[in-house]
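To start, the structure under review is shown below, and the notes come after it.
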2 protein chains.
Amino acid sequence: MGGVTNHGNGAYNQLNAEGYLIIRQGARATVAPGLETASVDSPLTTASARNLSAFARRLLALPPPAEQQPAKVADFRYGDLSGADFPVLAWRRASNRAILRRAARLRYGDPQGSSALRNALQAYLWRARGISCTPDQIVIVNGSQQGLDLCARLLLDVGDPFVIENPGYLLARHAFVAAGGVAVPVAVDADGLRTDALPPARLAYVTPSHQFPLGGVLSATRRRSLLAWATGMGAYVVEDDYDGEYRHDIAPIPPLQTLDADTVIYVGTLSKTLSPTLRLGYLVVPASLRLAFCEAKRLTDRHAPMLEQDVLADLLASGAYERHVRSIRRKNAERREVLLRALADHLGPSVAVAGADTGLHVVAWMNGIAAEREPEIIAAARAAGIGLYPVSPLYDATVPRPETAGFILGYAGLDTEALQRGIAVLASVLAEHG
Amino acid sequence: MGGVTNHGNGAYNQLNAEGYLIIRQGARATVAPGLETASVDSPLTTASARNLSAFARRLLALPPPAEQQPAKVADFRYGDLSGADFPVLAWRRASNRAILRRAARLRYGDPQGSSALRNALQAYLWRARGISCTPDQIVIVNGSQQGLDLCARLLLDVGDPFVIENPGYLLARHAFVAAGGVAVPVAVDADGLRTDALPPARLAYVTPSHQFPLGGVLSATRRRSLLAWATGMGAYVVEDDYDGEYRHDIAPIPPLQTLDADTVIYVGTLSKTLSPTLRLGYLVVPASLRLAFCEAKRLTDRHAPMLEQDVLADLLASGAYERHVRSIRRKNAERREVLLRALADHLGPSVAVAGADTGLHVVAWMNGIAAEREPEIIAAARAAGIGLYPVSPLYDATVPRPETAGFILGYAGLDTEALQRGIAVLASVLAEHG
């Protein structure tokens, strides 16, 4: 399969669409990593003793995630929360109540989610995000990742192009690619996704409240043009509001969903306020898609676990969830202050910080340090007990990447001391390797 | 699309493979229910304003499930458990311990499941089912339905035939059909799946310990021929051991998995011993498939909820789970006795009971009552407060169904009084309508 050069060939395009080939502009196509290198004892080869599906082959051709133990001094991995922030007492109380309240008969629940939780979420989404929807438009999912996977399965066919922010969230891209979609990366800037030349596509995945990872907020003009494009195209827009609870210096901006409830599928998560280990999230879907999402959820895993749904409904209804959000928002605002001050103190003008207005991470661009030096800096930082994560893998491989080294600094899992020490150690690593 | 008659046509076969057409032997093909009847205001038509994927269209063409409130006097719906049987105290204690034990950092877990739970399950599966596997072969899923959906996605492509027991478990069939598989129904008898003429297929779904719904136990000879067929075909066998904990009058038979760990994917569930609302299950997969299942689980929803995993691991390791299984096994054996005695007392020779050796349900064939009368009997039973569920929808529509009316009687959700009263009322309904 190596050395395919006939770019006009149908089979070639199919291979590309299925993720077996990587095309770089002006370069020869290469077989995707993990396929050409499969050796006799690799899991891929063994597995292909009996045929895996095209989905499985697309999945296994995706770059494998790098799993690592947390770094000892300070791990800036994005997505982690501090265990100390979890509302242990409130959760235990609600959980004990829910266990005692269990029904006389234990039977499969509503695939869409319990009506108590959907009612409570409807009220919360209106108060917190200005979303006006019926409980019937809400589908409870096992974290936002399942929401994205359901969108991929229901809205994309093999070979369908989808718009993805560049750089963007990898696990969203992977869900759509595994479903057979063809990623069409579109650049972002400080105002979020650039909507001046949106390509034909069947779906667009966006993070308008806080572009992941660069942090831009999608401007009002661009919101309108994105929605106009989608309407003209008959495409859906998947809005991932992954950290909408965290705004620091800016006024709240209502989600895209509030502008066009027939076009936008809103994806919400509890992973950034309660815990990523809970696996609880929700979708707000256009009324016309309700049945498809419900039946897909039923076939996928029946419904989200009832006990967690009951506990969350209790926390939302009692106000305990919103009290917790206010508390964790304050804590993370403090962490952000500490991080920004440490960056200014230790690195000063040699670092350019982006995306600090909202969310639980910032991007630190290292002025004057070439992107090629990232692996060396990451290794030296890890040796010094610092977990550092580069921006560059979040860029599409087919378009030019930035020339400056950049890192995503997640701060929600770290305390003040770890943040200060982490940046101090990082500064000395950079002084040596920068 | 109505009135397609050219059975040799490729497009026709494709439509059939995608579930849009129903072929009955010797009859004209018809468009699947729900497609031809879609009216202007139906959810299907509204949704198709923007294209849904082929997966979504296959999904929505499946017969919609009948959701009903539990019947008042006695609901024999299979799959329900009694709330009184849930080990409230043990679960609360383990859950409170798990919440307090939470990690300093909350981060996404292993897609395969926590190692504590997989280690505990490995030991349990050896003790309880004679399964010898490594913790690395175990994948924790959100109930067996997710296990089946992952098998469908990883092992079937559009148009691939799969063997399914006839009659068989509908949600398994639906998962494979939604993935694009083409169901090839194979008859079952008292010895389970008939293996004398297995057709070419890529996958077989079987319930060898207790055929669902008819209750046969797959004979040793047939186990060997099924595995020989799979090996020759390069096919996988999905073994759904949905109620393996419940054996009444027969000696335990080890799962198929113990005979060929490279061919069989074993599907286990906690829905029949703890609660169907928990959404916890597990797979034991061939080592060669581990990576594919892990990555599919990651992309699908990251991992199963950590708190439930911790609680279950605790219950398994402490022995509390096995104590609970012994207790609920006793309770269900009593329910079974009461049900069988009530059937004998009230219906005597007019009912033939099948599949009572294991599990949590029996099938009651109503001697001398034609299958066509089922809807009338079900309606009359419901009016009298009895929830009754026919066997006939579990048969493939393309082959002849039994001529006698038959009902699946699930008993695990009912107490002694409800079981006795339920059968007494059923007898009077049958006396009037039989």
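Following the order of the structure tokens, chains are lettered A, B, ..., residues in each are numbered from 1, and ligands are numbered from 1.
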
*Residues of range 194-250 of chain A in helix (DSSP H, G or I), written as number ranges by chain*: A: 220-233

_If we count only C-alpha atoms and set the cut-off at 12 Å, which residues sit around Tyr411 in chain A, ignoring sequence neighbours fewer than 6 positions away in its own chain? Please answer as number ranges by chain._
A: 74-82, 272, 331-340, 356, 359-363, 387-388, 417-420, 422-423; B: 105

*Compile the contact shell of Asn166 in chain B as a PyMOL selection string: residues with an atom at most 6 Å away, counting only C-alpha atoms, same-chain residues fewer than 6 positions apart removed.*
chain B and resi 185-187+395

Selection near Gln137 in chain A, 9 Å with only C-alpha atoms, sequence-local residues under 6 positions removed, as a PDB file with N, CA, C and O atoms, in the first residue's frame:
```
ATOM      1  N   GLN A 112     -33.831   8.330  27.258  1.00  0.00           N
ATOM      2  CA  GLN A 112     -33.538   9.760  27.185  1.00  0.00           C
ATOM      3  C   GLN A 112     -33.017  10.303  28.510  1.00  0.00           C
ATOM      4  O   GLN A 112     -32.409  11.379  28.544  1.00  0.00           O
ATOM      5  N   ARG A 118     -34.161  15.544  33.744  1.00  0.00           N
ATOM      6  CA  ARG A 118     -34.337  16.426  32.582  1.00  0.00           C
ATOM      7  C   ARG A 118     -35.104  17.693  32.948  1.00  0.00           C
ATOM      8  O   ARG A 118     -34.810  18.778  32.455  1.00  0.00           O
ATOM      9  N   LEU A 283     -27.263  16.317  26.197  1.00  0.00           N
ATOM     10  CA  LEU A 283     -27.427  16.997  24.923  1.00  0.00           C
ATOM     11  C   LEU A 283     -28.739  17.765  24.953  1.00  0.00           C
ATOM     12  O   LEU A 283     -29.702  17.325  25.588  1.00  0.00           O
ATOM     13  N   VAL A 284     -28.755  18.917  24.270  1.00  0.00           N
ATOM     14  CA  VAL A 284     -30.026  19.555  23.942  1.00  0.00           C
ATOM     15  C   VAL A 284     -30.130  19.442  22.427  1.00  0.00           C
ATOM     16  O   VAL A 284     -29.296  19.991  21.700  1.00  0.00           O
ATOM     17  N   VAL A 285     -31.098  18.660  21.957  1.00  0.00           N
ATOM     18  CA  VAL A 285     -31.164  18.363  20.524  1.00  0.00           C
ATOM     19  C   VAL A 285     -32.383  19.041  19.899  1.00  0.00           C
ATOM     20  O   VAL A 285     -33.378  19.301  20.584  1.00  0.00           O
ATOM     21  N   PRO A 286     -32.306  19.333  18.590  1.00  0.00           N
ATOM     22  CA  PRO A 286     -33.498  19.831  17.893  1.00  0.00           C
ATOM     23  C   PRO A 286     -34.643  18.824  18.067  1.00  0.00           C
ATOM     24  O   PRO A 286     -34.395  17.609  18.084  1.00  0.00           O
ATOM     25  N   ALA A 287     -35.862  19.328  18.202  1.00  0.00           N
ATOM     26  CA  ALA A 287     -37.010  18.440  18.425  1.00  0.00           C
ATOM     27  C   ALA A 287     -37.092  17.362  17.343  1.00  0.00           C
ATOM     28  O   ALA A 287     -37.456  16.218  17.618  1.00  0.00           O
ATOM     29  N   LEU A 289     -34.804  15.741  16.020  1.00  0.00           N
ATOM     30  CA  LEU A 289     -33.811  14.670  16.187  1.00  0.00           C
ATOM     31  C   LEU A 289     -34.038  13.855  17.457  1.00  0.00           C
ATOM     32  O   LEU A 289     -33.310  12.894  17.713  1.00  0.00           O
ATOM     33  N   ARG A 290     -35.018  14.228  18.257  1.00  0.00           N
ATOM     34  CA  ARG A 290     -35.219  13.578  19.546  1.00  0.00           C
ATOM     35  C   ARG A 290     -35.327  12.054  19.410  1.00  0.00           C
ATOM     36  O   ARG A 290     -34.616  11.304  20.086  1.00  0.00           O
TER      37      ARG A 290
END
```

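Distances to chain A were evaluated for B:Asn119, B:Ser392, B:Ser288, B:Gln69 using only C-alpha atoms, and the minimum falls at B:Ser288.
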
Surrounding residues of Glu308 in chain A excluding itself and chain neighbours under 6 positions, 12 Å, only C-alpha atoms, as a JSON list (two decimals) with all heavy atoms, in the first residue's frame:
```json
[["chain", "number", "residue", "atom", "x", "y", "z"],
["A", 91, "TRP", "N", -22.89, 15.04, 47.84],
["A", 91, "TRP", "CA", -23.08, 13.87, 46.98],
["A", 91, "TRP", "C", -23.48, 12.66, 47.81],
["A", 91, "TRP", "O", -24.38, 11.90, 47.42],
["A", 91, "TRP", "CB", -21.80, 13.58, 46.18],
["A", 91, "TRP", "CG", -22.02, 12.51, 45.16],
["A", 91, "TRP", "CD1", -21.92, 11.16, 45.35],
["A", 91, "TRP", "CD2", -22.44, 12.70, 43.80],
["A", 91, "TRP", "NE1", -22.25, 10.49, 44.18],
["A", 91, "TRP", "CE2", -22.57, 11.42, 43.22],
["A", 91, "TRP", "CE3", -22.72, 13.83, 43.02],
["A", 91, "TRP", "CZ2", -22.97, 11.23, 41.89],
["A", 91, "TRP", "CZ3", -23.11, 13.64, 41.69],
["A", 91, "TRP", "CH2", -23.23, 12.36, 41.15],
["A", 92, "ARG", "N", -22.81, 12.46, 48.96],
["A", 92, "ARG", "CA", -23.13, 11.30, 49.81],
["A", 92, "ARG", "C", -24.56, 11.36, 50.30],
["A", 92, "ARG", "O", -25.28, 10.36, 50.27],
["A", 92, "ARG", "CB", -22.19, 11.26, 51.02],
["A", 92, "ARG", "CG", -21.00, 10.38, 50.81],
["A", 92, "ARG", "CD", -20.12, 10.36, 52.02],
["A", 92, "ARG", "NE", -20.76, 9.80, 53.20],
["A", 92, "ARG", "CZ", -20.17, 9.69, 54.39],
["A", 92, "ARG", "NH1", -18.93, 10.12, 54.53],
["A", 92, "ARG", "NH2", -20.79, 9.18, 55.40],
["A", 94, "ALA", "N", -27.12, 12.97, 49.01],
["A", 94, "ALA", "CA", -28.08, 12.76, 47.91],
["A", 94, "ALA", "C", -28.05, 11.30, 47.46],
["A", 94, "ALA", "O", -29.08, 10.72, 47.11],
["A", 94, "ALA", "CB", -27.76, 13.69, 46.75],
["A", 95, "SER", "N", -26.87, 10.71, 47.50],
["A", 95, "SER", "CA", -26.73, 9.33, 47.06],
["A", 95, "SER", "C", -27.43, 8.39, 48.03],
["A", 95, "SER", "O", -28.15, 7.46, 47.63],
["A", 95, "SER", "CB", -25.23, 9.01, 46.95],
["A", 95, "SER", "OG", -25.02, 7.65, 46.79],
["A", 96, "ASN", "N", -27.25, 8.62, 49.32],
["A", 96, "ASN", "CA", -27.93, 7.77, 50.30],
["A", 96, "ASN", "C", -29.45, 7.93, 50.20],
["A", 96, "ASN", "O", -30.17, 6.94, 50.31],
["A", 96, "ASN", "CB", -27.43, 8.10, 51.71],
["A", 96, "ASN", "CG", -26.03, 7.54, 51.95],
["A", 96, "ASN", "OD1", -25.63, 6.57, 51.31],
["A", 96, "ASN", "ND2", -25.28, 8.15, 52.85],
["A", 97, "ARG", "N", -29.90, 9.16, 49.98],
["A", 97, "ARG", "CA", -31.34, 9.36, 49.78],
["A", 97, "ARG", "C", -31.83, 8.58, 48.56],
["A", 97, "ARG", "O", -32.86, 7.92, 48.60],
["A", 97, "ARG", "CB", -31.64, 10.85, 49.58],
["A", 97, "ARG", "CG", -31.82, 11.64, 50.86],
["A", 97, "ARG", "CD", -32.46, 13.01, 50.58],
["A", 97, "ARG", "NE", -31.63, 13.86, 49.75],
["A", 97, "ARG", "CZ", -30.74, 14.75, 50.23],
["A", 97, "ARG", "NH1", -30.56, 14.88, 51.53],
["A", 97, "ARG", "NH2", -30.03, 15.49, 49.40],
["A", 98, "ALA", "N", -31.05, 8.66, 47.48],
["A", 98, "ALA", "CA", -31.48, 8.02, 46.23],
["A", 98, "ALA", "C", -31.54, 6.49, 46.38],
["A", 98, "ALA", "O", -32.45, 5.85, 45.86],
["A", 98, "ALA", "CB", -30.55, 8.40, 45.08],
["A", 99, "ILE", "N", -30.57, 5.92, 47.10],
["A", 99, "ILE", "CA", -30.57, 4.47, 47.28],
["A", 99, "ILE", "C", -31.81, 4.04, 48.08],
["A", 99, "ILE", "O", -32.47, 3.07, 47.75],
["A", 99, "ILE", "CB", -29.28, 3.99, 47.98],
["A", 99, "ILE", "CG1", -28.06, 4.22, 47.07],
["A", 99, "ILE", "CG2", -29.36, 2.51, 48.34],
["A", 99, "ILE", "CD1", -26.73, 3.94, 47.74],
["A", 113, "GLY", "N", -33.23, 9.56, 29.59],
["A", 113, "GLY", "CA", -32.86, 10.04, 30.92],
["A", 113, "GLY", "C", -34.10, 10.21, 31.77],
["A", 113, "GLY", "O", -35.20, 10.33, 31.25],
["A", 114, "SER", "N", -33.92, 10.22, 33.10],
["A", 114, "SER", "CA", -35.07, 10.32, 34.00],
["A", 114, "SER", "C", -35.74, 11.67, 33.83],
["A", 114, "SER", "O", -35.08, 12.69, 33.56],
["A", 114, "SER", "CB", -34.62, 10.14, 35.45],
["A", 114, "SER", "OG", -34.11, 11.35, 35.97],
["A", 116, "ALA", "N", -37.09, 13.45, 36.11],
["A", 116, "ALA", "CA", -36.68, 14.34, 37.20],
["A", 116, "ALA", "C", -35.41, 15.09, 36.82],
["A", 116, "ALA", "O", -35.31, 16.31, 37.00],
["A", 116, "ALA", "CB", -36.46, 13.53, 38.48],
["A", 117, "LEU", "N", -34.44, 14.37, 36.27],
["A", 117, "LEU", "CA", -33.18, 15.03, 35.90],
["A", 117, "LEU", "C", -33.38, 15.98, 34.73],
["A", 117, "LEU", "O", -32.84, 17.09, 34.72],
["A", 117, "LEU", "CB", -32.12, 13.97, 35.58],
["A", 117, "LEU", "CG", -30.77, 14.53, 35.13],
["A", 117, "LEU", "CD1", -30.22, 15.55, 36.11],
["A", 117, "LEU", "CD2", -29.76, 13.40, 34.93],
["A", 140, "ILE", "N", -29.85, 12.56, 28.29],
["A", 140, "ILE", "CA", -28.76, 12.35, 29.25],
["A", 140, "ILE", "C", -27.80, 11.31, 28.66],
["A", 140, "ILE", "O", -28.21, 10.24, 28.24],
["A", 140, "ILE", "CB", -29.30, 11.84, 30.61],
["A", 140, "ILE", "CG1", -30.44, 12.73, 31.12],
["A", 140, "ILE", "CG2", -28.17, 11.73, 31.64],
["A", 140, "ILE", "CD1", -30.06, 14.17, 31.34],
["A", 141, "VAL", "N", -26.52, 11.66, 28.65],
["A", 141, "VAL", "CA", -25.52, 10.76, 28.08],
["A", 141, "VAL", "C", -24.40, 10.51, 29.08],
["A", 141, "VAL", "O", -24.29, 11.21, 30.09],
["A", 141, "VAL", "CB", -24.93, 11.35, 26.76],
["A", 141, "VAL", "CG1", -25.96, 11.28, 25.63],
["A", 141, "VAL", "CG2", -24.45, 12.78, 26.96],
["A", 142, "ASN", "N", -23.58, 9.50, 28.79],
["A", 142, "ASN", "CA", -22.46, 9.17, 29.66],
["A", 142, "ASN", "C", -21.26, 10.07, 29.36],
["A", 142, "ASN", "O", -20.25, 9.62, 28.82],
["A", 142, "ASN", "CB", -22.05, 7.70, 29.47],
["A", 142, "ASN", "CG", -23.19, 6.76, 29.74],
["A", 142, "ASN", "OD1", -24.16, 7.10, 30.42],
["A", 142, "ASN", "ND2", -23.10, 5.56, 29.21],
["A", 143, "GLY", "N", -21.39, 11.32, 29.69],
["A", 143, "GLY", "CA", -20.33, 12.27, 29.40],
["A", 143, "GLY", "C", -20.44, 12.81, 27.99],
["A", 143, "GLY", "O", -21.09, 12.20, 27.13],
["A", 270, "LEU", "N", -20.79, 17.39, 32.98],
["A", 270, "LEU", "CA", -20.55, 17.62, 34.41],
["A", 270, "LEU", "C", -19.09, 17.36, 34.75],
["A", 270, "LEU", "O", -18.71, 17.41, 35.92],
["A", 270, "LEU", "CB", -21.46, 16.71, 35.24],
["A", 270, "LEU", "CG", -22.94, 17.10, 35.42],
["A", 270, "LEU", "CD1", -23.04, 18.52, 35.96],
["A", 270, "LEU", "CD2", -23.77, 16.96, 34.18],
["A", 274, "LEU", "N", -18.15, 18.70, 38.42],
["A", 274, "LEU", "CA", -18.19, 17.66, 39.44],
["A", 274, "LEU", "C", -16.97, 16.75, 39.32],
["A", 274, "LEU", "O", -16.06, 16.81, 40.13],
["A", 274, "LEU", "CB", -19.50, 16.87, 39.35],
["A", 274, "LEU", "CG", -20.74, 17.63, 39.86],
["A", 274, "LEU", "CD1", -22.02, 16.88, 39.52],
["A", 274, "LEU", "CD2", -20.66, 17.87, 41.38],
["A", 277, "THR", "N", -14.73, 11.59, 36.21],
["A", 277, "THR", "CA", -14.89, 10.14, 36.43],
["A", 277, "THR", "C", -16.36, 9.73, 36.56],
["A", 277, "THR", "O", -16.65, 8.55, 36.53],
["A", 277, "THR", "CB", -14.15, 9.69, 37.70],
["A", 277, "THR", "OG1", -14.83, 10.22, 38.85],
["A", 277, "THR", "CG2", -12.71, 10.16, 37.72],
["A", 278, "LEU", "N", -17.26, 10.74, 36.70],
["A", 278, "LEU", "CA", -18.68, 10.41, 36.84],
["A", 278, "LEU", "C", -19.29, 9.91, 35.55],
["A", 278, "LEU", "O", -20.21, 9.11, 35.57],
["A", 278, "LEU", "CB", -19.48, 11.64, 37.25],
["A", 278, "LEU", "CG", -19.46, 12.12, 38.69],
["A", 278, "LEU", "CD1", -20.35, 13.35, 38.80],
["A", 278, "LEU", "CD2", -19.98, 11.02, 39.60],
["A", 279, "ARG", "N", -18.84, 10.43, 34.44],
["A", 279, "ARG", "CA", -19.40, 10.13, 33.12],
["A", 279, "ARG", "C", -20.85, 10.56, 33.01],
["A", 279, "ARG", "O", -21.74, 9.74, 32.73],
["A", 279, "ARG", "CB", -19.23, 8.66, 32.72],
["A", 279, "ARG", "CG", -17.86, 8.05, 32.96],
["A", 279, "ARG", "CD", -16.68, 8.86, 32.46],
["A", 279, "ARG", "NE", -16.80, 9.21, 31.06],
["A", 279, "ARG", "CZ", -16.72, 10.46, 30.60],
["A", 279, "ARG", "NH1", -16.50, 11.47, 31.40],
["A", 279, "ARG", "NH2", -16.83, 10.70, 29.33],
["A", 280, "LEU", "N", -21.10, 11.83, 33.26],
["A", 280, "LEU", "CA", -22.45, 12.38, 33.09],
["A", 280, "LEU", "C", -22.38, 13.62, 32.21],
["A", 280, "LEU", "O", -21.57, 14.52, 32.46],
["A", 280, "LEU", "CB", -23.06, 12.74, 34.44],
["A", 280, "LEU", "CG", -23.85, 11.66, 35.18],
["A", 280, "LEU", "CD1", -24.30, 12.17, 36.53],
["A", 280, "LEU", "CD2", -25.06, 11.20, 34.37],
["A", 281, "GLY", "N", -23.22, 13.63, 31.21],
["A", 281, "GLY", "CA", -23.33, 14.78, 30.34],
["A", 281, "GLY", "C", -24.73, 14.82, 29.76],
["A", 281, "GLY", "O", -25.57, 13.98, 30.11],
["A", 314, "ASP", "N", -31.29, 15.51, 42.32],
["A", 314, "ASP", "CA", -31.45, 15.98, 43.69],
["A", 314, "ASP", "C", -30.58, 17.22, 43.93],
["A", 314, "ASP", "O", -31.06, 18.25, 44.43],
["A", 314, "ASP", "CB", -31.08, 14.81, 44.62],
["A", 314, "ASP", "CG", -31.25, 15.13, 46.10],
["A", 314, "ASP", "OD1", -30.99, 16.28, 46.50],
["A", 314, "ASP", "OD2", -31.61, 14.22, 46.86],
["A", 315, "LEU", "N", -29.30, 17.15, 43.52],
["A", 315, "LEU", "CA", -28.39, 18.28, 43.72],
["A", 315, "LEU", "C", -28.86, 19.52, 42.95],
["A", 315, "LEU", "O", -28.74, 20.64, 43.42],
["A", 315, "LEU", "CB", -26.97, 17.92, 43.28],
["A", 315, "LEU", "CG", -26.24, 16.83, 44.08],
["A", 315, "LEU", "CD1", -24.84, 16.61, 43.54],
["A", 315, "LEU", "CD2", -26.18, 17.17, 45.56],
["B", 95, "SER", "N", -20.37, 2.35, 48.80],
["B", 95, "SER", "CA", -20.43, 3.61, 48.07],
["B", 95, "SER", "C", -19.87, 4.75, 48.92],
["B", 95, "SER", "O", -19.09, 5.58, 48.43],
["B", 95, "SER", "CB", -21.90, 3.87, 47.69],
["B", 95, "SER", "OG", -22.07, 5.18, 47.25],
["B", 277, "THR", "N", -30.89, -1.02, 36.42],
["B", 277, "THR", "CA", -30.73, 0.44, 36.36],
["B", 277, "THR", "C", -29.29, 0.89, 36.60],
["B", 277, "THR", "O", -28.97, 2.05, 36.37],
["B", 277, "THR", "CB", -31.64, 1.14, 37.39],
["B", 277, "THR", "OG1", -31.14, 0.84, 38.70],
["B", 277, "THR", "CG2", -33.07, 0.66, 37.30],
["B", 278, "LEU", "N", -28.43, -0.04, 37.07],
["B", 278, "LEU", "CA", -27.02, 0.32, 37.33],
["B", 278, "LEU", "C", -26.24, 0.56, 36.06],
["B", 278, "LEU", "O", -25.33, 1.37, 36.02],
["B", 278, "LEU", "CB", -26.30, -0.79, 38.08],
["B", 278, "LEU", "CG", -26.54, -0.95, 39.57],
["B", 278, "LEU", "CD1", -25.73, -2.15, 40.06],
["B", 278, "LEU", "CD2", -26.12, 0.31, 40.31],
["B", 279, "ARG", "N", -26.55, -0.21, 35.03],
["B", 279, "ARG", "CA", -25.83, -0.19, 33.75],
["B", 279, "ARG", "C", -24.38, -0.59, 33.94],
["B", 279, "ARG", "O", -23.45, 0.16, 33.62],
["B", 279, "ARG", "CB", -25.92, 1.17, 33.04],
["B", 279, "ARG", "CG", -27.28, 1.81, 32.97],
["B", 279, "ARG", "CD", -28.40, 0.91, 32.48],
["B", 279, "ARG", "NE", -28.07, 0.27, 31.22],
["B", 279, "ARG", "CZ", -28.16, -1.05, 31.03],
["B", 279, "ARG", "NH1", -28.50, -1.88, 31.99],
["B", 279, "ARG", "NH2", -27.86, -1.55, 29.88],
["B", 305, "PRO", "N", -18.56, 4.65, 34.64],
["B", 305, "PRO", "CA", -18.44, 5.54, 35.80],
["B", 305, "PRO", "C", -17.57, 4.91, 36.89],
["B", 305, "PRO", "O", -17.73, 3.74, 37.22],
["B", 305, "PRO", "CB", -19.89, 5.68, 36.27],
["B", 305, "PRO", "CG", -20.73, 5.38, 35.09],
["B", 305, "PRO", "CD", -19.95, 4.39, 34.28],
["B", 306, "MET", "N", -16.66, 5.71, 37.42],
["B", 306, "MET", "CA", -15.66, 5.17, 38.34],
["B", 306, "MET", "C", -16.25, 4.78, 39.69],
["B", 306, "MET", "O", -15.85, 3.78, 40.29],
["B", 306, "MET", "CB", -14.59, 6.24, 38.54],
["B", 306, "MET", "CG", -13.26, 5.69, 38.93],
["B", 306, "MET", "SD", -12.65, 4.52, 37.71],
["B", 306, "MET", "CE", -11.80, 5.63, 36.61],
["B", 307, "LEU", "N", -17.20, 5.57, 40.18],
["B", 307, "LEU", "CA", -17.76, 5.29, 41.50],
["B", 307, "LEU", "C", -18.43, 3.91, 41.52],
["B", 307, "LEU", "O", -18.16, 3.10, 42.42],
["B", 307, "LEU", "CB", -18.76, 6.40, 41.87],
["B", 307, "LEU", "CG", -19.26, 6.39, 43.31],
["B", 307, "LEU", "CD1", -18.12, 6.59, 44.30],
["B", 307, "LEU", "CD2", -20.30, 7.51, 43.50],
["B", 308, "GLU", "N", -19.26, 3.62, 40.54],
["B", 308, "GLU", "CA", -19.89, 2.30, 40.45],
["B", 308, "GLU", "C", -18.85, 1.20, 40.33],
["B", 308, "GLU", "O", -19.01, 0.13, 40.90],
["B", 308, "GLU", "CB", -20.77, 2.21, 39.20],
["B", 308, "GLU", "CG", -22.22, 2.45, 39.45],
["B", 308, "GLU", "CD", -22.49, 3.92, 39.42],
["B", 308, "GLU", "OE1", -21.51, 4.69, 39.32],
["B", 308, "GLU", "OE2", -23.65, 4.31, 39.54]]
```

_Considering only strand (DSSP E or B) as DSSP defines it on the backbone, what residues of range 169-349 of chain A qualify? List them as a VMD selection string._
chain A and resid 182 to 189 192 to 193 203 to 206 236 to 240 247 264 to 269 281 to 284

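Those residues that approach range 242-254 of chain A to within 8 Å, counting only C-alpha atoms, are Ala128, Arg129, Gly130, Ile131, Thr207, Ser209, His210, Val267, Gly268, Thr269, Lys272, Thr273, Val325, Arg329, Ala333, Ala356, Asp357, Thr358, Gly359 and Leu360 of chain A; same-chain residues fewer than 6 positions away are not listed.
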
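Between CA of Asp260 in chain A and CA of Leu227 in chain A lies a distance of 7.4 Å.
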
*Which one of A:Asp262, A:Asp136, A:Asp301, A:Glu239 sits closest to chain B if you count only C-alpha atoms?*
A:Asp301

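Nearest to chain A of all the residues B:Ala123, B:Ala304, B:Leu170, B:Val73 is B:Ala304, based on only C-alpha atoms.
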
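Nearest to chain A of all the residues B:Thr231, B:Gln257, B:Thr404, B:Thr195 is B:Thr231, counting only C-alpha atoms.
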
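Picture a line from CA of Ala172 in chain A to CA of Leu156 in chain A; it runs 13.1 Å.
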
*Which distance in Å separates CA of Ala197 in chain A and CA of Phe162 in chain A, to one decimal?*
14.0 Å
